[in-house]
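Worksheet: the structure to be examined is printed underneath.
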Amino acid sequence: MSNSRTYSYDTFRLGLSISIISAAIVAYEIQLMLFFTIVQWHHFAYMVISIALLGFGASGTLLSLFRNEMLKRVDWLLPFFMISSGLMMSISVRVSRMDFLLFDSYLLFVDRSQFARLLGSYLLFFLPFLMGSLALGLVFVKKVAQIGTFYFSDMLGSGIGGILAIFLLWHLEPVDLPWVIALMPLLAGAMLIKKKGGYLLSAYALLALGICFYQGFSPFELKSSQFKSISYALNLPEAKIEAQQSSPYGLVQVVSSPVQRYAPGLSLSYVQEIKPSKVIFNNGNWYAAIPQGNMDDNLHVLNYSTLALPYVLESPKNVLIFQAGAGFEVAHALKNKAAHIFAIEPNAIVTRLIKGPYAQYTDSLFYRPEVQVYNTSPRSYLKQSDKEFDLIQLPLSGAFGGSVGLNALHEENLLTSEALLEMWQKLSPEGIIVLSSFIDVPPRIILKNAALIAGMLENLHITDPLEHVVAVRSWATLTYVIKKTALGPKDLLAVNRFCDDYGFDPVLLPGSESKETYNTLEDDAVFSLVRKMFGPKRSRLIEANDFNISIPSDNRPYFYQFLRLKNIVEQYKTLGERSAFLELGYLIVLVTLIQLFLLAFALIIVPLFKLGFKGDQKTWVLFYFSGLGLGYMFLEIVLIKYFERFLGHPIYAVATVISVMLISSGLGSLYSSKLNLEIKKLIRLIAFISILIIGYALSLGFLLSQTAGLPLWGKLILTVLAIGIPAFFMGMPFPVGLQLVSKKNQSQVPWAWGINGCVSVISTSLATVIAVEFGFTVVLLLAALAYFIAFMSIFSVRLYFPNSTV
Amino acid sequence: MMMYRLLLIFLLCFPFVVHAQIDYGKARETMVLNDIISRGVKDKATLDAMRNVPRHEFVPQELKQRAYRDGPLPIGYGQTISQPYIVAFMTEAIAPQRDFKVLEVGTGSGYQAAVLSQIVDSVYTIEIIDALYGQAKKRLKDLNYDNIHIKNADGYYGWENKGPFDAIVVTAAAEFVPPPLIAQLKEGGRMIIPIGTPFATQQLLLVTKNGGKTKTRNLMFVRFVPFTRGEGS
């Protein structure tokens, strides 16, 4: 056999092995996001991305510190690292559930030991990524002449990993995902075990394989935090999970208990029995109550809540219900004689349950001729539909008793000024939009809803907005109704009667100031503030409020983010440690950001000082590689946010963005290795990337909003193009830069790798914080600036590489 | 070398030494002075009850040292023992009298029931979670609270054959008030419901029944800056 054939076969085998482990790393990353979403809350997804990048960065540091020793033993170490990665993947999740390491983010600000447990979890989950990236890094260092080829293998595998993750999420239970994914690095490592002297490694691989299969035969219990809704439900007498299905939508579970009931903000004058309800949970969070059938029963509990207000004013025939869930509001609409109900429910698994095993329980609610169910995102439906609606109902927002802010970082695309305007445009001439929420203390949601509505009416040039809005509250909920035509005397009379019958109080209703009050707040001035939100002082009131109640937009769709960083100290003085429970989600991200910054510095940068930084040109290396790291991650995070709204689902969006970006970047990297880029062209390329990102900042949001009504295939094509094009070009500067660095001074290569890794780690959480505070556009502009800094750094040293090509 | 050994022994024993030295009585008195009276709780019966009930006996062993801190503590199953101030606030809010019969829905650790039992004639308390019921029952028995009657049941139905009640405390709050509880509240009686998430209870809902009308009043544990700030600026 010729050397070139052997060379090709070895290259192919190594490339395949790299692709397999890269796919496993990305699939494991996505699996971990789901895991954290189930046992904790979804914002830990950012932490997972950072942990993965920490592994990459730290591997670069280790490679630089022990480069020669590792290169001498590469035949042994390469499979060893891969197998170890698989082993760690299979056991990390189980070990993290052990008592000594189990952490609960809810207790972070109550029990100081939780910080140490969180740190322990970082380090535990960091290990599989470290091992995997050590293997990858070793290949890049050993085969630097073929870096383009192997980098492409890495990127291609990573891209496939995203798609693979989606496939596995459909077909496996969450507890099985880690060990099944772990089989891939084992395979990748086994492929590289040399026949000569490979017995020990083979035994190690077999041991790891045995441990993987053990996980399969002896699955651990995936318990959610004791503070999640499902945990409370499962503590009830005779509570049991009677149905469960996992998918990319999440882990959907149905819990039944004879003492579980649902009747939000029920009037105190209601004297009938409240029937027990089965409840659907998604990722451990309350999702929907399942309405029990028996359509002859005219007593629907929602008729005794403020949510009945729209039916007091009108008898709507065409009703659009967002986040229809299991159909509780659909049943309510049917009780009120709606003729056509359009129920929008993004989670197809929930709909399948109600149409399938729970069809009889709900008396075939979703099969009623009046009811049509659409499994799509609300904004997509609004774009696609050409119907007019008499009633558009948003889901009840907030949580009874207030929330702890764990949704602060959740993009709420239904509660933005653009969304509300789209709904208004779909109303029939007498149409109504209804927004309801639990009353929170301190009041934030009710004020933000008022601001949102008032802002929309102002944009429509409606001179007297209070003629189009009525609001009513109970002891627990507040409902706003926005009517397209002005309210008349008949409407006001009906609302007054409704309030008197059920012990509710009008908040926005002309002539209601002298009425007897059924539900008194200690400081009722908040309702005066609600009224003033519709006046000329709104902007000033928003600015002066202790909480962020500014109107959310599509660019900054964080409705549940109320924290003003400048007020943290004041709030702590007022509430003490309880202040953390106003905005726990945001604070957790800030804590994560700080911890990861320290970890990244300790694990990546500090060890590099042992090496020293020989040679000059430190500055351009620092700015070039940190610019690339920051710019790439900032763009990736914003693209994930945009495409969550566009595609209508978080996990699909994450997997799609990661896959397309990595595959395209890999292709870009491969192309660049064949191009022999001159410095001048590299400089122009980076400038082009920066300008392209600026273009995205100014136009991508608009483009996606205009095309949100496309069918799925159209959306996917647009998604691939919108992500793939910049990612292709962005895949080039990094490997080219590394080759430039290695030409001048090999010792600077680990620094370049380490700086890029360190900056990438903190960029994920940092991008989130900036998006929350300033919006997506600013994050994109900062990404463009980061690439501009990289451009300037290489531009300034272009003379250092005269006539240089790579 | 000897010094180092002694230092090591001291450091190992230090937590036990510190633990043994906590004077719970003194801690309780400090709690009442600094965290309860200073915040405006005045009712003598309530203050005496807070002084007498050993809160540290109602928290998990590993949290005893923190029993008298100004904050809630986790007791398992997603439940908490409320901040001392909130317990005192709620007790005062029902204006307890010697002859009162009080219903509590959601026994939890049993601390609130124990405080109430110091003031009123009898406390009927219901806990739905088996494990918490078992722990509370044993604890209350061991501490000789013999005017507290506890049962393991669904609090939705109240305790019909012992009602009506002068006051009802609903610590296991749901997003609705069970109609049977309203029915079991005496005319002129008070029902109180602390509302809020674990570790961040923000308000107290006071339900009153007078002349056939049921009304609510929201009381806040913490005074926020008036909401209307900014109107004049």
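Identifiers in this document derive from the order of the structure tokens: chains are assigned A, B, ..., residues are numbered from 1 separately in each chain, and ligands are numbered from 1 in order of occurrence.
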
- Query: Neighbours of A:Val144 within 10 Å (only C-alpha atoms; same-chain residues fewer than 5 positions away dropped), as a PyMOL selection string?
  - Reply: chain A and resi 138-139+149-150+738-739+742

Put those residues in a file: N, CA and C atoms, as a PDB file, in the first residue's frame.
```pdb
ATOM      1  N   LEU A 138      -5.269  18.301  20.561  1.00  0.00           N
ATOM      2  CA  LEU A 138      -4.061  17.505  20.310  1.00  0.00           C
ATOM      3  C   LEU A 138      -3.907  17.220  18.817  1.00  0.00           C
ATOM      4  N   VAL A 139      -5.001  16.948  18.171  1.00  0.00           N
ATOM      5  CA  VAL A 139      -4.968  16.700  16.726  1.00  0.00           C
ATOM      6  C   VAL A 139      -4.531  17.963  15.993  1.00  0.00           C
ATOM      7  N   THR A 149      -8.414  20.909   7.220  1.00  0.00           N
ATOM      8  CA  THR A 149      -9.203  19.685   7.046  1.00  0.00           C
ATOM      9  C   THR A 149      -9.814  19.236   8.362  1.00  0.00           C
ATOM     10  N   PHE A 150      -8.987  19.210   9.401  1.00  0.00           N
ATOM     11  CA  PHE A 150      -9.494  18.692  10.671  1.00  0.00           C
ATOM     12  C   PHE A 150     -10.420  19.669  11.365  1.00  0.00           C
ATOM     13  N   LEU A 738      -4.365  31.802  13.645  1.00  0.00           N
ATOM     14  CA  LEU A 738      -3.497  30.851  14.366  1.00  0.00           C
ATOM     15  C   LEU A 738      -2.262  30.503  13.542  1.00  0.00           C
ATOM     16  N   GLN A 739      -2.469  30.344  12.261  1.00  0.00           N
ATOM     17  CA  GLN A 739      -1.330  30.005  11.403  1.00  0.00           C
ATOM     18  C   GLN A 739      -0.356  31.172  11.324  1.00  0.00           C
ATOM     19  N   SER A 742       1.584  31.118  14.537  1.00  0.00           N
ATOM     20  CA  SER A 742       2.539  30.006  14.653  1.00  0.00           C
ATOM     21  C   SER A 742       3.751  30.233  13.754  1.00  0.00           C
TER      22      SER A 742
END
```

Who sits within 8 Å of B:Leu181, only C-alpha atoms, same chain under 2 positions skipped, as a PDB file with N, CA and C atoms, in the first residue's frame:
```pdb
ATOM      1  N   TYR B 156     -58.709  21.913  51.870  1.00  0.00           N
ATOM      2  CA  TYR B 156     -59.793  22.546  51.094  1.00  0.00           C
ATOM      3  C   TYR B 156     -61.109  22.493  51.863  1.00  0.00           C
ATOM      4  N   TYR B 157     -61.358  21.386  52.527  1.00  0.00           N
ATOM      5  CA  TYR B 157     -62.640  21.190  53.205  1.00  0.00           C
ATOM      6  C   TYR B 157     -62.655  21.737  54.621  1.00  0.00           C
ATOM      7  N   GLY B 158     -61.535  22.304  55.043  1.00  0.00           N
ATOM      8  CA  GLY B 158     -61.488  22.812  56.414  1.00  0.00           C
ATOM      9  C   GLY B 158     -61.684  21.687  57.406  1.00  0.00           C
ATOM     10  N   ILE B 168     -59.149  32.003  60.768  1.00  0.00           N
ATOM     11  CA  ILE B 168     -58.575  30.924  59.938  1.00  0.00           C
ATOM     12  C   ILE B 168     -57.281  31.455  59.347  1.00  0.00           C
ATOM     13  N   VAL B 177     -59.577  30.842  47.135  1.00  0.00           N
ATOM     14  CA  VAL B 177     -59.910  30.604  48.537  1.00  0.00           C
ATOM     15  C   VAL B 177     -61.016  29.561  48.551  1.00  0.00           C
ATOM     16  N   PRO B 178     -60.776  28.412  49.155  1.00  0.00           N
ATOM     17  CA  PRO B 178     -61.782  27.356  49.122  1.00  0.00           C
ATOM     18  C   PRO B 178     -63.117  27.812  49.717  1.00  0.00           C
ATOM     19  N   PRO B 179     -64.183  27.660  48.998  1.00  0.00           N
ATOM     20  CA  PRO B 179     -65.497  28.047  49.516  1.00  0.00           C
ATOM     21  C   PRO B 179     -65.825  27.425  50.878  1.00  0.00           C
ATOM     22  N   ALA B 183     -67.145  29.438  54.330  1.00  0.00           N
ATOM     23  CA  ALA B 183     -68.367  29.022  55.042  1.00  0.00           C
ATOM     24  C   ALA B 183     -68.067  28.754  56.514  1.00  0.00           C
ATOM     25  N   GLN B 184     -66.864  28.265  56.831  1.00  0.00           N
ATOM     26  CA  GLN B 184     -66.540  27.913  58.222  1.00  0.00           C
ATOM     27  C   GLN B 184     -65.998  29.094  59.023  1.00  0.00           C
ATOM     28  N   LEU B 185     -65.915  30.251  58.391  1.00  0.00           N
ATOM     29  CA  LEU B 185     -65.484  31.447  59.109  1.00  0.00           C
ATOM     30  C   LEU B 185     -66.702  32.097  59.765  1.00  0.00           C
TER      31      LEU B 185
END
```

- Item | Within 9 Å of A:Ile542 using only C-alpha atoms, minus same-chain residues under 6 positions, as an NGL selection string | (:A and (447-448 or 451 or 533 or 548-551)) or (:B and (230))

- Message: Residues of chain A were defined as contacting chain B if any atom lay at most 7 Å from it, counting only C-alpha atoms; please report them as number ranges by chain.
- Response: A: 226-227, 232, 235-237, 259, 263-266, 268, 270-271, 400-404, 441, 475, 518-522, 525-526, 529, 540-541, 544, 578, 581

- Item | Residue neighbourhood B:Asn52, 9 Å, only C-alpha atoms, exclusion window fewer than 4 positions, as a ChimeraX atom specification | /B:25,28,47-48,115,118

- Extract, using only C-alpha atoms, all DNA, RNA and protein residues at most 12 Å from stretch 679-688 of chain A, discarding same-chain residues fewer than 4 positions from it, and format them as a PyMOL selection string. chain A and resi 624+627-628+631-632+668+672+675+692-695+725-726+728-737+739-740+783-806

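The space separating atom CA of B:Ser122 from atom CA of B:Lys101 comes to 5.1 Å.
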
- Message: I need the residues in stretch 211-443 of chain A that are alpha helix (DSSP H) according to DSSP; give them as a ChimeraX atom specification.
- Response: /A:211-217,229-234,309-313,328-335,348-355,378-384,417-425

- Query: What gap, in Å, lies between atom CA of A:Lys355 and atom CA of A:Tyr249?
  - Reply: 17.2 Å

- Task: Using DSSP on the backbone coordinates, identify the residues of stretch 47-91 of chain B assigned to strand (DSSP E or B); present them as a PyMOL selection string.
- Result: chain B and resi 73-76+79-81
